[in-house]
2 protein chains.
Amino acid sequence: MRDDAGRQRVIIEGVEPEIDCGRFPIKRVVGERVVVEADAFTDGHDAITARLLWRPESAAQWSETAMEALPNDRWRAAFVVTGEGRWLYTVSAWVDRFKTWRRDLKKRIEAGQDVPVDLLVGAGLIREASARADAGGRKADGRVLAGLAGDLERGKDAAARLSLALDDELAGLMDRHVGRAAASVYGRELGVVVDRERARFSSWYEMFPRSTGVDGRHGTFKDCEARLPYVAGMGFDVLYLPPIHPIGDTFRKGKNNAVAAEPGDVGSPWAIGSEAGGHKSIHPELGTPEDFRRLVAKARGLGIEIALDLAYQCSPDHPYVEEHPEWFRSRPDGTIQYAENPPKKYQDIYPFDFETEEWRALWEELKSVIDHWVGEGVRIFRVDNPHTKPFPFWEWAIAEVKREHPDVLFLAEAFTRPKIMYRLAKLGFTQSYNYFPWRNHRRELIEYFTELTRTPVHEFFRPNLWPNTPDILTEPLQVGGRPAFVQRLMLAATLGASYGIYGPAFELMEHEPREPGSEEYLHSEKYQLREWDLERPDSLRELIAHVNRIRRENPALQSDGSLRFHAADNEQILVYSKAAGDEVILVAVNLDPHQTQSSWVDLDLDELGLPRGEPFQVHDLLTGARYAWHGSRNFVQLDPHQVPAHIFRVRRRRPESDDPI
Amino acid sequence: MRDDAGRQRVIIEGVEPEIDCGRFPIKRVVGERVVVEADAFTDGHDAITARLLWRPESAAQWSETAMEALPNDRWRAAFVVTGEGRWLYTVSAWVDRFKTWRRDLKKRIEAGQDVPVDLLVGAGLIREASARADAGGRKADGRVLAGLAGDLERGKDAAARLSLALDDELAGLMDRHVGRAAASVYGRELGVVVDRERARFSSWYEMFPRSTGVDGRHGTFKDCEARLPYVAGMGFDVLYLPPIHPIGDTFRKGKNNAVAAEPGDVGSPWAIGSEAGGHKSIHPELGTPEDFRRLVAKARGLGIEIALDLAYQCSPDHPYVEEHPEWFRSRPDGTIQYAENPPKKYQDIYPFDFETEEWRALWEELKSVIDHWVGEGVRIFRVDNPHTKPFPFWEWAIAEVKREHPDVLFLAEAFTRPKIMYRLAKLGFTQSYNYFPWRNHRRELIEYFTELTRTPVHEFFRPNLWPNTPDILTEPLQVGGRPAFVQRLMLAATLGASYGIYGPAFELMEHEPREPGSEEYLHSEKYQLREWDLERPDSLRELIAHVNRIRRENPALQSDGSLRFHAADNEQILVYSKAAGDEVILVAVNLDPHQTQSSWVDLDLDELGLPRGEPFQVHDLLTGARYAWHGSRNFVQLDPHQVPAHIFRVRRRRPESDDPI
């Protein structure tokens, strides 16, 4: 028997949120609330008190918040995470003898029973609290309590004694000095990783720096600087660059992934490493470290953060190959094992052998790559194929980096099996790529985003929605024309508080696949320079700018937890809402890129905070149009060749309002 | 970094069954299977192997079973618990280099690639396994493997080398000597409490021994002996006796719970303790310890186990009150705190003060009560109000008793809040009272029994269904006449693998409440002797005997996990099935005690293992009638004044069958 275990009578279980038995932290950003619920109960009829305990991991002492009793032995309280880093929370609860006594005394009095002995019992409890107050250095409280105990024992006036017994101030004092010797504490301290706000709300733009040159010239960081106003003008706040490191020559791929490069072919930026250096170096044609630092600074001045690509793999020319052969797997013929997915061979890439005896040194070196770029001012990393490196490595590396730099964010590029993607998110990735590119039909979208936002997944997995990437040109974009691009933009930017596009391919609606059935781009920038006509009149840049402005101005679009879907008669019309405080945004998207679609929609008025059967106004932030709606059932019609979506701000009609309707 | 943590690349999570993060064991009986599933996956494309590890807690070594890969990174295997006591299981998995190599080699060969280097890689893997075999003392295997490695490296015939590489016997040898240095093991060892079969399948009869006398005489254990053939004749296998201990005089309750007893009133058996002794003593009017032992033995001879009541509370006359005043709470006026539920007072009962400083001694003494009766041959205890004693006490006491006597079973009498009832089951109670008495409508029954049998609750909570108890005469039994009793009997005996009745009140359809709106019996045996006319012609004893015979003869009715409900058009008709192996029992109950009800029923043929659109036979085990049914939709009609239920054995019609249809 554990010491005093027998007197810890309160059971605490079913604590939420809790990920995998407390193995992983939940995620929040600074200023958010953590609402915690737990089951707590004891044997018999005694009253209990439950408190939520919480603190930054670095704080020595718990802060406490009283939990509110809900039905069915459930308790709830909340705390606000006010700073970045790791926080902890747990629950404590105990049999509260004074609360029990007070509750029972009321019942006895109501039943007309004489209570002289009960008053003496209460006085005894108060004396015990007085002694605890004294012992805890709260002598003043101790004196007050001792006095009250005496009054309760010896008071002449019966009514006054009863009144004193049930006095709220006494109850407050007793609560402050409650006896917690036999308190139960939940067996686990649960973690919260608290990030800065961009972890939750971010608008990404991916761009190949080498394609920013003009007249066929290889782009440089200076060219990128010149491109920044264009990116900022569209309202993006993260500019993600594919790998900027030296590119290998050996087995270099040619245009359109040709097995052999032609002279002058620039190769894939993901074939990292040459005699010019490796993961901490810069491709000479892009510029110098100084150029890079200036780009980072210029971008910051425009409200844009530079995000780098973390691709842990090597070209055969990477300095690691000579310096650390022990980090690669040797074949019996003396060659180094290249990447494979049999029968496919990727001879331009050497994967690290994470099963090497020297894994500790390898881990340290890989982490030092992050440290290097953090030192250069980078705070966001998009991680290439994290699911092909061991999970324990990521958990260690991310935690180590964030311990010193809690503002560093990691986006997992893992389009793989669901459990693997979730595991990566649990073990530390801030944001995650996800199946959004392949969710096109209404039922698919509702199912997937319900899973992402209405289940415990929401506590650890922050989706970042990409309609396209250099690897993914989906079939609807190939065939759906401008309407498809606009639809996917609207969905990404309003279903997801974080989203991104790969441009200028996206805003210029690049849609030719390398071959039929492929999701690869023809003339992909992965293997060649491209020059883009940014001023093309059909560019989506203005619309993108408009949508990003709506996102910035409407907090409802800056988080995902409030996402709710609403019914619509027409399968081609997807309707959903998000809310922040009193603000409600309601979105309707026509999923058909070809035809105008109309539908009656059935709004869940409770979710929208709207009264039943009353009129309200919806204000389309895309077109400026305002509509007078009424009750739950309303009509929408959307032409994909005009604007295939409404982004409504919902306004409750108040009698005193002077809004035009 | 933990030592070698970096090379444990396989993640194991989502293990099922697992109760509260492994805090509590699941329950099984001897001979049952434990089917275990887990998510297991690794980074990259390597193949993994997963094994289920299991052992009796007392065994030093794990046994292992290969897990089968299901879709979505799920794995499954099962083991059989072959003996009583505690068992453990967990999961281990590892990257399997040979399995990966073999899979990839096949793909390379199919793609027509040359594989000389790959064969050398394979030979290297085989040499490593050979070394492991040698190191593990399996020199013969080691030699075979070394030879095969040599053949693979140096074989002249290319086709023979490929054939050897993919040879199944080689794969089996490699599996036997697989390298597990970097194996992951699930972080928790999960428990199974394995009981004897009666834990799962039992038929209880509750009876007051003192009411077995004749001509107004106080019944004795000898009278109980004479009653045993009656109980056995009805087919019960557990005879549960309310407390058999000396009864207190002080504040003794009179007939119908009168506050003051009249001279000659026998008092409540739950007011335990007098100068004649306490919880280890026998009420003198019932007989001697020798009489009790003979009753136990006689019962055993008839296939009946005697279950005793464990009611941890004292009358004011209990010897503990004098001997251990520290186990009770004193009031400021020097009296001992009696039981209360303010404003109600129960002055004939002193509860133990489990918050006493002397709780260890109290716990030991209370456990010694169990030990005492175990010593007298008792192996089943019905525990009175366990929810008014601390949870840690029960967890300790039950574990301690079962450690020495794994055949001891505990039934929790806790009609309280759901989470408390479930907690008691989790921490060790073998069977549990439940809300069955108050689930009468079809929807209520379906919802509740779905929760009990189709959710993780089923892993730890074994319901024991009581249509009545000395404390519970439900309203339907008060007003529904014989049909209500028969309906509730049918439901209890077929929904529950374990059920019980309080008799002879049940079979004689005793139905008068003490007052309108009360669930207490008028002239309750809790406070007075009763004489019952067991030979009354309207007694249900023959029907009960018939139902218990059906239960014994049909394994489908001896467990709860296979319970499935089927649709019926009429709300008054409840249809459900249970299966065991090929045997299927299908039950239809008319829930209306007044009117004949008929309904089309929609059978889930897949659940019943029946082919679609084909005829089959249902054989009513209650009436002997046989019906030819066809497909999913069939008709039933049930007259509550005849037999308000069908208990069908379902027979698939086979061409070679000579069953009459």
# chains A, B, ... in the order shown; residues from 1 in each chain; ligands from 1
>>> closest_atom_pairs(of="chain B", to="chain A", cutoff="6 Å", atoms="only C-alpha atoms", output="JSON lines")
{"residue": "B:Gly6", "atom": "CA", "partner": "A:Pro392", "partner_atom": "CA", "distance": 5.8}
{"residue": "B:Arg7", "atom": "CA", "partner": "A:Glu355", "partner_atom": "CA", "distance": 5.6}
{"residue": "B:Arg9", "atom": "CA", "partner": "A:Pro390", "partner_atom": "CA", "distance": 5.5}
{"residue": "B:Cys21", "atom": "CA", "partner": "A:Cys21", "partner_atom": "CA", "distance": 5.8}
{"residue": "B:Asp43", "atom": "CA", "partner": "A:Thr388", "partner_atom": "CA", "distance": 4.8}
{"residue": "B:Gly44", "atom": "CA", "partner": "A:Thr388", "partner_atom": "CA", "distance": 4.0}
{"residue": "B:Asp104", "atom": "CA", "partner": "A:Pro342", "partner_atom": "CA", "distance": 5.7}
{"residue": "B:Lys107", "atom": "CA", "partner": "A:Pro343", "partner_atom": "CA", "distance": 5.8}
{"residue": "B:Arg108", "atom": "CA", "partner": "A:Pro343", "partner_atom": "CA", "distance": 5.1}
{"residue": "B:Pro342", "atom": "CA", "partner": "A:Asp104", "partner_atom": "CA", "distance": 5.7}
{"residue": "B:Pro343", "atom": "CA", "partner": "A:Arg108", "partner_atom": "CA", "distance": 5.1}
{"residue": "B:Glu355", "atom": "CA", "partner": "A:Arg7", "partner_atom": "CA", "distance": 5.6}
{"residue": "B:His387", "atom": "CA", "partner": "A:Asp43", "partner_atom": "CA", "distance": 5.1}
{"residue": "B:Thr388", "atom": "CA", "partner": "A:Gly44", "partner_atom": "CA", "distance": 3.9}
{"residue": "B:Lys389", "atom": "CA", "partner": "A:Asp43", "partner_atom": "CA", "distance": 5.7}
{"residue": "B:Pro390", "atom": "CA", "partner": "A:Asp43", "partner_atom": "CA", "distance": 5.5}
{"residue": "B:Pro392", "atom": "CA", "partner": "A:Gly6", "partner_atom": "CA", "distance": 5.8}
>>> closest_atom_pairs(of="segment 433-551 of chain B", to="segment 618-624 of chain B", cutoff="9 Å", atoms="only C-alpha atoms", output="Markdown table")
| residue | atom | partner | partner_atom | distance |
| --- | --- | --- | --- | --- |
| B:Leu543 | CA | B:Leu622 | CA | 8.8 |
| B:His546 | CA | B:Leu622 | CA | 7.4 |
| B:Val547 | CA | B:Leu622 | CA | 7.5 |
| B:Ile550 | CA | B:Leu621 | CA | 7.0 |
>>> residues_around(residues="Ala580 of chain A", least_positions_apart="6", cutoff="9 Å", atoms="only C-alpha atoms", output="ChimeraX atom specification")
/A:554-559,562
>>> residues_around(residues="segment 288-303 of chain A", least_positions_apart="3", cutoff="7 Å", atoms="only C-alpha atoms", output="PyMOL selection string")
chain A and resi 221-222+225+228+232+237+282+284+306+376-377
>>> write_last_selection(atoms="N, CA, C and O atoms", output="mmCIF file, in the first residue's frame")
data_model
loop_
_atom_site.group_PDB
_atom_site.id
_atom_site.type_symbol
_atom_site.label_atom_id
_atom_site.label_comp_id
_atom_site.auth_asym_id
_atom_site.auth_seq_id
_atom_site.Cartn_x
_atom_site.Cartn_y
_atom_site.Cartn_z
ATOM 1 N N PHE A 221 19.115 36.003 -54.993
ATOM 2 C CA PHE A 221 18.416 36.560 -53.828
ATOM 3 C C PHE A 221 18.073 38.032 -54.058
ATOM 4 O O PHE A 221 17.066 38.522 -53.561
ATOM 5 N N LYS A 222 18.919 38.717 -54.817
ATOM 6 C CA LYS A 222 18.601 40.123 -55.137
ATOM 7 C C LYS A 222 17.327 40.199 -55.973
ATOM 8 O O LYS A 222 16.491 41.075 -55.778
ATOM 9 N N GLU A 225 14.488 39.782 -53.729
ATOM 10 C CA GLU A 225 14.156 41.045 -53.052
ATOM 11 C C GLU A 225 13.199 41.865 -53.896
ATOM 12 O O GLU A 225 12.217 42.426 -53.409
ATOM 13 N N LEU A 228 9.665 40.718 -53.715
ATOM 14 C CA LEU A 228 8.957 40.768 -52.429
ATOM 15 C C LEU A 228 7.702 41.639 -52.458
ATOM 16 O O LEU A 228 6.665 41.234 -51.912
ATOM 17 N N ALA A 232 4.133 40.472 -51.167
ATOM 18 C CA ALA A 232 3.471 41.201 -50.086
ATOM 19 C C ALA A 232 2.156 41.798 -50.574
ATOM 20 O O ALA A 232 1.163 41.847 -49.834
ATOM 21 N N ASP A 237 2.250 36.130 -45.838
ATOM 22 C CA ASP A 237 3.149 36.473 -44.739
ATOM 23 C C ASP A 237 4.258 35.453 -44.530
ATOM 24 O O ASP A 237 5.106 35.625 -43.648
ATOM 25 N N ILE A 282 25.066 28.027 -49.414
ATOM 26 C CA ILE A 282 24.127 28.624 -50.365
ATOM 27 C C ILE A 282 24.623 28.355 -51.773
ATOM 28 O O ILE A 282 25.831 28.474 -52.063
ATOM 29 N N PRO A 284 25.862 28.892 -55.121
ATOM 30 C CA PRO A 284 26.599 30.110 -55.510
ATOM 31 C C PRO A 284 25.808 30.998 -56.461
ATOM 32 O O PRO A 284 25.911 32.223 -56.389
ATOM 33 N N ILE A 306 10.738 34.529 -44.278
ATOM 34 C CA ILE A 306 11.299 33.547 -45.194
ATOM 35 C C ILE A 306 11.292 32.178 -44.506
ATOM 36 O O ILE A 306 11.806 32.036 -43.394
ATOM 37 N N GLU A 376 20.788 32.491 -38.947
ATOM 38 C CA GLU A 376 20.694 33.415 -40.086
ATOM 39 C C GLU A 376 19.346 34.139 -40.118
ATOM 40 O O GLU A 376 19.018 34.812 -41.101
ATOM 41 N N GLY A 377 18.544 33.927 -39.085
ATOM 42 C CA GLY A 377 17.294 34.690 -38.990
ATOM 43 C C GLY A 377 16.060 33.950 -39.463
ATOM 44 O O GLY A 377 14.965 34.518 -39.500
#
>>> residues_around(residues="Glu519 of chain A", least_positions_apart="4", cutoff="12 Å", atoms="only C-alpha atoms", output="number ranges by chain")
A: 437-438, 468-479, 511-515, 524
>>> write_last_selection(atoms="C-alpha atoms", output="PDB file, in the first residue's frame")
ATOM      1  CA  PRO A 437      -5.469  18.527 -52.575  1.00  0.00           C
ATOM      2  CA  TRP A 438      -7.389  15.311 -53.152  1.00  0.00           C
ATOM      3  CA  ASN A 468      -0.983  23.017 -55.546  1.00  0.00           C
ATOM      4  CA  THR A 469       2.705  22.396 -54.885  1.00  0.00           C
ATOM      5  CA  PRO A 470       5.617  21.828 -57.280  1.00  0.00           C
ATOM      6  CA  ASP A 471       4.844  18.110 -56.881  1.00  0.00           C
ATOM      7  CA  ILE A 472       1.073  18.327 -57.079  1.00  0.00           C
ATOM      8  CA  LEU A 473      -0.952  19.589 -59.976  1.00  0.00           C
ATOM      9  CA  THR A 474      -4.251  17.899 -59.251  1.00  0.00           C
ATOM     10  CA  GLU A 475      -6.563  16.688 -61.957  1.00  0.00           C
ATOM     11  CA  PRO A 476      -9.291  19.301 -61.237  1.00  0.00           C
ATOM     12  CA  LEU A 477      -6.741  22.070 -61.781  1.00  0.00           C
ATOM     13  CA  GLN A 478      -5.572  20.445 -65.006  1.00  0.00           C
ATOM     14  CA  VAL A 479      -9.039  20.402 -66.499  1.00  0.00           C
ATOM     15  CA  HIS A 511      -2.164  23.516 -65.614  1.00  0.00           C
ATOM     16  CA  GLU A 512      -0.313  21.338 -68.121  1.00  0.00           C
ATOM     17  CA  PRO A 513       0.815  18.006 -66.690  1.00  0.00           C
ATOM     18  CA  ARG A 514       4.032  16.390 -67.798  1.00  0.00           C
ATOM     19  CA  GLU A 515       1.964  13.567 -69.227  1.00  0.00           C
ATOM     20  CA  SER A 524       8.506  21.780 -63.824  1.00  0.00           C
TER      21      SER A 524
END
>>> select_by_dssp(residues="segment 365-458 of chain A", states="helix (DSSP H, G or I)", output="number ranges by chain")
A: 365-375, 386-388, 391-404, 418-426, 436-438, 442-453, 456-458
>>> residues_around(residues="Asn440 of chain A", least_positions_apart="5", cutoff="9 Å", atoms="only C-alpha atoms", output="list in words")
Leu445, Pro476, Arg488 and Leu591 of chain A
